[in-house]
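Single-structure report; data block below.
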Amino acid sequence: MAKKKKTSKPPKVPFTQKINRWIDGLKEFKLRFISGILTVGFAFYLLLAFFSFLFTGFADKSKFDLNWWDLVRDSDITVKNWTGKTGAYLADSFINQGVGIAAFAIVVILFVLGFRLLGARILPFKKTFLHSFFITIWLSVTMGFLFISSTDDQFLLLGGTHGFFISKWLQAAIGLVGTAIVIITGLIIYLSVTFERFYRLMKSGFPKKETATSEKDNAYQESTTEVAAPLVSEPQNNSIEEKTEPEPEVIVSQPNIEPVSEPSLKIEEGQEKQELSISQGQEIEFSPQVDPNSEAANDEFDLNLTIEKHHEDEDSFDDTNNEPLGDYDPTLDLSSYQLPTLELLEDHQGGAGEVGEEELIANKNKIVKTLEDYKIQIKNIKATVGPTITLYEIVPAPGVRISKIKNLEDDIALSLAALGIRIIAPIPGRGTIGIEVPNSEAEIVSMRSIISAKKFQHTKYELPIALGKTISNETFVVDLAKAPHMLVAGATGQGKSVGLNAIITSLLYKKHPSQLKFVMVDPKKVELNIYSKIERHFLAKMGDDDDAIITDVQKVVNTLNSLTIEMDDRYELLKSAHARNIKEYNHKFVKRQLNPEKGHRFLPYIVVIIDEFADLIMTAGKEVEMPIARIAQLARAVGIHMIIATQRPSTNIITGVIKANFPTRVAFKVASMIDSRTILDSPGANQLIGRGDMLISQGSDLVRVQCAFVDTPEVEKVTDFIGQQKGYTSAFMLPDYHGTESSNEAGEVDLTKRDQMFDDAARVVVANQSGSTSLIQRRFSIGYNRAGRIIDQLEAAGIVGPFEGSKARQVLVPDEVELERVLSQF
């Protein structure tokens with residue numbers, strides 16, 4: 001007789017799991033829509049109940065002695081309230097038995113919550129809740145205090161039971177006058193914190209004291225150095241819409257997948273991606289549980305442009321006429337200057353790529369199979385789709401060693417037939433192992449989308465740099481003021497020059513010419529020349545330089561030494577102003593606490609950009625490295641920051657001194673792991689896929705970012721837009737510095753301390769009949785300063801003539817026989 005097969009009962013779902021499922025369900029559109037409709041309807045019902053109670057409460061007063069169930073159950077009992085017995089009972093509970101007429105604030109909170117659930121974000125919920133909470137408490141106590149003597153004569157308690165007892169307790173504790181003081185003080189504090197105009201109005205009634213901490217009274221005062229113009233101006237539209245990352249989830253069952261051995265597919269999708277294509281920034285999770293009935297929704301928010309208008313302070317006075325004088329505004333020198341507009345940049349939508357479901361499933365299956373071939377079990381996989389890379393996060397089964405998965409990097413790359421596979425084991429802060437796989441079709445991240453992003457437009461960074469988008473499709477913004485110096489390296493053609501253009505463009509879209517200056521060094525003479533049009537707006541140079549874009553090696557050395565002089569001068573200004581950094585100093589200057597007659601001035605940030613740093617090191621050596629190291633070590637506090645770029649990331653170029661003082665490093669694709677370790681102190685840059693794919697190190701963490709693409713015609717449009725506007729009379733002038741070759745007096749040279757290469761250099765000069773410093777540099781592979789000193793010694797010895805500007809010196813010795821006679825004298 002066959003045994004009867006027992007049917008197993010489905011396991012009971014714990015109550016906490018039901019609660020978690022309900023909370024997760026709030027992300028779904030239908031449930032949020034229904035919840036929003038119910039909340040708005042209930043808020044409208046309470047509004048009618050409260051409003052009706054003000055007129056009908058006296059007639060219904062006798063009904064409220066019953067409890068709610070007895071009141072509702074007896075159909076013979078009627079009320080005058082427009083919303084019936086339930087509404088009348090709720091109105092009495094909230095108003096008379098609660099907080100009085102302040103209960104209307106509860107209706108406001110419900111309305112805001114309901115509309116936000118429906119997707120209409122009319123007001124920020126947290127701020128609305130906090131304001132309503134204070135108003136409810138304060139108004140209840142105030143009404144209870146004002147009408148405490150008439151509570152027995154009126155049916156309506158304007159302050160409610162709460163306000164009556166609190167005010168009664170306060171009067172017993174601190175008296176009638178003390179209670180009034182508490183109420184008025186609370187109102188003044190609330191208005192001062194909430195409304196800046198009220199705070200300034202109150203502040204104007206008190207004399208100011210010049211103390212070291214006076215500039216810290218208002219955080220908003222730091223914004224006076226900002227440009228009074230929109231960050232990105234649209235002529236026909238004052239707002240820019242941007243999609244947020246998808247919050248809800250769509251769970252799509254995967255066919256022909258065994259439930260035990262292979263995970264299923266969980267895809268998060270936005271409203272505009274109703275098909276099975278995956279937009280960048282979405283998270284796709286492979287988990288054992290599958291729910292094919294869930295739906296997706298995505299929230300939108302409007303990105304409103306913020307226009308700051310500067311108002312004159314009424315409490316600042318001029319010493320001469322005692323008339324009101326506002327804060328100093330450095331932007332008034334170019335008050336008509338406008339920030340570049342968004343239309344100057346291209347959208348590059350034609351290069352947008354999509355990752356389909358088939359590609360995700362195929363990659364997932366290959367990864368799972370490869371791991372299973374090596375007896376590695378995993379619990380689930382979660383995939384995050386980025387612009388060019390998809391990150392698969394693996395949760396290994398208990399007992400699996402991370403090193404086993406790390407060692408399979410080449411095997412996984414072979415199974416996926418893709419380049420640029422990178423394994424992060426483990427991902428910091430997540431407890432998972434990451435496998436980065438390039439997408440079959442990469443997306444072009446346009447500079448326009450980065451500039452218009454909310455994170456960039458509303459950033460409070462001093463020097464914000466928008467570099468691109470991360471794997472999770474978030475805009476990656478770095479504050480150069482906190483960086484404080486940046487090293488950019490990568491092989492030729494991997495996006496280094498585009499990255500520099502993105503850095504410069506970010507700053508041009510954010511800062512006024514009075515707040516920022518660039519020192520640009522371009523040994524190739526063609527990369528940064530495009531920015532010469534903005535010389536009278538944003539560039540800085542020495543007084544005797546013809547071009548603001550520095551290309552000559554000796555001028556580079558002089559300019560770097562000039563920057564060290566500027567750095568020392570700024571430190572003297574900070575010392576006399578008792579300020580620790582440029583931000584505090586400029587704040588004091590804006591508040592007119594520093595006297596310009598004593599040498600004080602508004603200090604703009606100075607960003608030094610050096611392209612082809614390797615060429616400078618090869619030609620000038622220590623003469624370039626030492627001032628750069630000194631600036632990198634000391635100049636952060638005075639607002640001088642450096643960005644150096646090189647395509648030769650070798651140890652003789654990126655020395656220990658450079659690496660120690662450039663904590664923020666950007667690595668594009670390089671050829672070998674050694675080059676990656678030279679730049680980042682870790683491998684990874686050799687596994688990038690190129691075309692703007694980069695790793696950014698800001699300490700111990702590495703972030704993979706797709707660099708924003710800004711083409712040369714776009715940069716030209718931006719520079720033309722700026723260059724056509726009114727500028728300063730000249731570029732920002734740096735302090736004068738004269739190198740060794742500027743001195744032409746041979747008598748200053750001591751021939752008893754000749755260089756070891758003096759004789760050999762003299763023979764080379766006579767043989768070539770050319771007395772140039774560059775000739776000696778090339779022949780003997782020495783730096784510019786040493787070659788210059790040898791030329792001065794040759795001049796003192798009568799072998800070459802005096803300095804003649806850009807021409808080579810005249811050789812005074814006709815042949816080697818005459819040269820040997822001259823040398824024999826020494």
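Residue names in the structure tokens use chain letters A, B, ... in the order shown, residue numbers from 1 in each chain, and ligand numbers from 1 in the order shown.
If you count only C-alpha atoms and ignore residues fewer than 5 places along the chain from Val607 (chain A), what sits within 6 Å of it is A:Phe518, A:Ile640, A:His641, A:Met642.
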Proximity of region 411-497 of chain A to region 331-342 of chain A: per-residue shortest pair, 10 Å limit, only C-alpha atoms, as a Markdown table:
| residue | atom | partner | partner_atom | distance |
| --- | --- | --- | --- | --- |
| A:Met447 | CA | A:Leu342 | CA | 9.7 |
| A:Arg448 | CA | A:Leu342 | CA | 6.7 |
| A:Ser449 | CA | A:Leu342 | CA | 9.4 |
| A:Ile451 | CA | A:Leu342 | CA | 7.9 |
| A:Ser452 | CA | A:Leu342 | CA | 7.6 |
*Which residues come within 10 Å of Ser700 (chain A), counting only C-alpha atoms, excluding same-chain residues fewer than 4 positions away, as an NGL selection string?*
:A and (663 or 680-682)
*Do a neighbour search on Lys406 (chain A) at 9 Å with only C-alpha atoms, toss out local chain neighbours closer than 5 positions, and write the hits as a list in words.*
Ile423, Ile424, Ala425 and Ile433 of chain A
Write out the residues from the selection above, keeping all heavy atoms, as a PDB file, in the first residue's frame.
ATOM      1  N   ILE A 423      37.925  43.620 -10.529  1.00  0.00           N
ATOM      2  CA  ILE A 423      37.284  43.035  -9.350  1.00  0.00           C
ATOM      3  C   ILE A 423      37.685  43.829  -8.118  1.00  0.00           C
ATOM      4  O   ILE A 423      38.866  44.064  -7.871  1.00  0.00           O
ATOM      5  CB  ILE A 423      37.660  41.552  -9.181  1.00  0.00           C
ATOM      6  CG1 ILE A 423      37.107  40.726 -10.348  1.00  0.00           C
ATOM      7  CG2 ILE A 423      37.148  41.010  -7.862  1.00  0.00           C
ATOM      8  CD1 ILE A 423      37.384  39.257 -10.258  1.00  0.00           C
ATOM      9  N   ILE A 424      36.674  44.257  -7.356  1.00  0.00           N
ATOM     10  CA  ILE A 424      36.897  44.991  -6.106  1.00  0.00           C
ATOM     11  C   ILE A 424      36.518  44.051  -4.971  1.00  0.00           C
ATOM     12  O   ILE A 424      35.342  43.730  -4.781  1.00  0.00           O
ATOM     13  CB  ILE A 424      36.040  46.260  -6.048  1.00  0.00           C
ATOM     14  CG1 ILE A 424      36.199  47.076  -7.334  1.00  0.00           C
ATOM     15  CG2 ILE A 424      36.414  47.101  -4.845  1.00  0.00           C
ATOM     16  CD1 ILE A 424      35.237  48.225  -7.437  1.00  0.00           C
ATOM     17  N   ALA A 425      37.477  43.592  -4.231  1.00  0.00           N
ATOM     18  CA  ALA A 425      37.220  42.589  -3.204  1.00  0.00           C
ATOM     19  C   ALA A 425      37.873  43.012  -1.895  1.00  0.00           C
ATOM     20  O   ALA A 425      39.095  42.935  -1.775  1.00  0.00           O
ATOM     21  CB  ALA A 425      37.752  41.224  -3.649  1.00  0.00           C
ATOM     22  N   ILE A 433      31.399  41.816  -2.957  1.00  0.00           N
ATOM     23  CA  ILE A 433      32.511  41.786  -3.906  1.00  0.00           C
ATOM     24  C   ILE A 433      32.009  42.336  -5.230  1.00  0.00           C
ATOM     25  O   ILE A 433      30.971  41.910  -5.735  1.00  0.00           O
ATOM     26  CB  ILE A 433      33.045  40.352  -4.079  1.00  0.00           C
ATOM     27  CG1 ILE A 433      33.603  39.842  -2.741  1.00  0.00           C
ATOM     28  CG2 ILE A 433      34.125  40.306  -5.155  1.00  0.00           C
ATOM     29  CD1 ILE A 433      34.034  38.398  -2.775  1.00  0.00           C
TER      30      ILE A 433
END
Residue neighbourhood Tyr737 (chain A), 7 Å, only C-alpha atoms, exclusion window fewer than 6 positions, as a PDB file with C-alpha atoms, in the first residue's frame:
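The resulting file, selection.pdb, is reproduced below:
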ATOM      1  CA  ASN A 558      60.027  82.450 -13.274  1.00  0.00           C
ATOM      2  CA  ASN A 561      58.856  81.441  -8.359  1.00  0.00           C
ATOM      3  CA  SER A 562      56.608  84.470  -8.774  1.00  0.00           C
TER       4      SER A 562
END
*What is the CA of Gly144 (chain A) to CA of Gly163 (chain A) distance in Å?*
4.5 Å
*Distance query Ser140 (chain A) at most 9 Å, only C-alpha atoms, self and fewer than 2 positions along chain excluded, as a PyMOL selection string*: chain A and resi 98-103+135-138+142-145+158-164+166
Identify all residues of region 505-718 of chain A in strand (DSSP E or B) (DSSP on the backbone) and supply them as a CSV table (one decimal) with C-alpha atoms, in the first residue's frame.
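Final output, saved to selection_16.csv:
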chain,number,residue,atom,x,y,z
A,516,LEU,CA,39.2,83.2,-9.7
A,517,LYS,CA,42.3,83.4,-11.8
A,518,PHE,CA,44.2,80.8,-13.8
A,519,VAL,CA,47.9,80.4,-14.4
A,520,MET,CA,48.2,78.1,-17.5
A,521,VAL,CA,51.4,76.4,-18.5
A,539,LEU,CA,44.1,84.6,-16.5
A,540,ALA,CA,47.1,85.7,-14.5
A,541,LYS,CA,50.7,86.4,-15.7
A,542,MET,CA,53.9,88.3,-14.9
A,549,ILE,CA,49.5,81.1,-21.7
A,550,ILE,CA,53.0,80.3,-20.7
A,605,TYR,CA,41.7,82.0,-5.9
A,606,ILE,CA,44.5,81.1,-8.2
A,607,VAL,CA,44.5,77.7,-10.0
A,608,VAL,CA,47.7,76.7,-11.6
A,609,ILE,CA,47.2,74.3,-14.5
A,610,ILE,CA,50.4,72.6,-15.9
A,640,ILE,CA,46.6,78.8,-4.6
A,641,HIS,CA,45.9,75.3,-6.0
A,642,MET,CA,47.7,73.3,-8.6
A,643,ILE,CA,46.6,70.8,-11.2
A,644,ILE,CA,49.4,69.0,-13.1
A,645,ALA,CA,48.9,66.6,-16.0
A,646,THR,CA,51.3,64.2,-17.6
A,664,THR,CA,43.9,63.9,-5.1
A,665,ARG,CA,44.9,61.9,-8.2
A,666,VAL,CA,43.1,61.2,-11.4
A,667,ALA,CA,44.2,58.2,-13.4
A,668,PHE,CA,43.1,57.5,-17.0
A,693,ASP,CA,37.2,56.0,-18.1
A,694,MET,CA,39.1,57.1,-15.0
A,695,LEU,CA,39.8,56.3,-11.4
A,696,ILE,CA,39.9,59.0,-8.8
A,697,SER,CA,41.8,58.7,-5.5
A,698,GLN,CA,41.1,61.0,-2.6
A,702,LEU,CA,39.0,54.7,-5.4
A,703,VAL,CA,36.0,55.9,-7.4
A,704,ARG,CA,35.4,54.9,-11.0
A,705,VAL,CA,34.1,57.8,-13.0
A,706,GLN,CA,33.2,58.4,-16.7
A,707,CYS,CA,34.7,61.7,-17.5
A,709,PHE,CA,32.9,65.1,-22.6
*Enter the distance from CA of Thr384 (chain A) to CA of Ala413 (chain A), in Å, rounded to one decimal.*
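Pair CA of Thr384 (chain A) / CA of Ala413 (chain A) returns 18.2 Å.
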*Between CA of Leu563 (chain A) and CA of Phe613 (chain A), measure the distance and give it in Å to one decimal.*
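So the answer is 17.1 Å.
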*Return the single residue from A:Gly178, A:Gly468, A:Gly783, A:Gly723 that is closest to Ile534 (chain A), with distances computed using only C-alpha atoms.*
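Residue with the minimum atom-to-atom distance to Ile534 (chain A): A:Gly723.
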Would you list the contacts of Ala49 (chain A) as a PDB file with N, CA, C and O atoms, in the first residue's frame, taking every protein, DNA or RNA residue within 6 Å and counting only C-alpha atoms, but skipping same-chain residues closer than 5 positions in sequence?
ATOM      1  N   THR A  83     -19.626  67.677   8.808  1.00  0.00           N
ATOM      2  CA  THR A  83     -19.007  66.375   8.532  1.00  0.00           C
ATOM      3  C   THR A  83     -19.576  65.270   9.413  1.00  0.00           C
ATOM      4  O   THR A  83     -18.987  64.191   9.500  1.00  0.00           O
ATOM      5  N   GLY A  87     -16.824  63.681  12.359  1.00  0.00           N
ATOM      6  CA  GLY A  87     -16.079  64.920  12.180  1.00  0.00           C
ATOM      7  C   GLY A  87     -16.201  65.840  13.375  1.00  0.00           C
ATOM      8  O   GLY A  87     -15.219  66.484  13.783  1.00  0.00           O
ATOM      9  N   ALA A  91     -13.099  67.038  15.636  1.00  0.00           N
ATOM     10  CA  ALA A  91     -12.838  68.464  15.821  1.00  0.00           C
ATOM     11  C   ALA A  91     -12.760  68.827  17.292  1.00  0.00           C
ATOM     12  O   ALA A  91     -11.888  69.598  17.720  1.00  0.00           O
TER      13      ALA A  91
END
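Nearest residue to Gln554 (chain A) among A:Tyr784, A:Phe602, A:Phe53, A:Phe476 is A:Tyr784, counting only C-alpha atoms.
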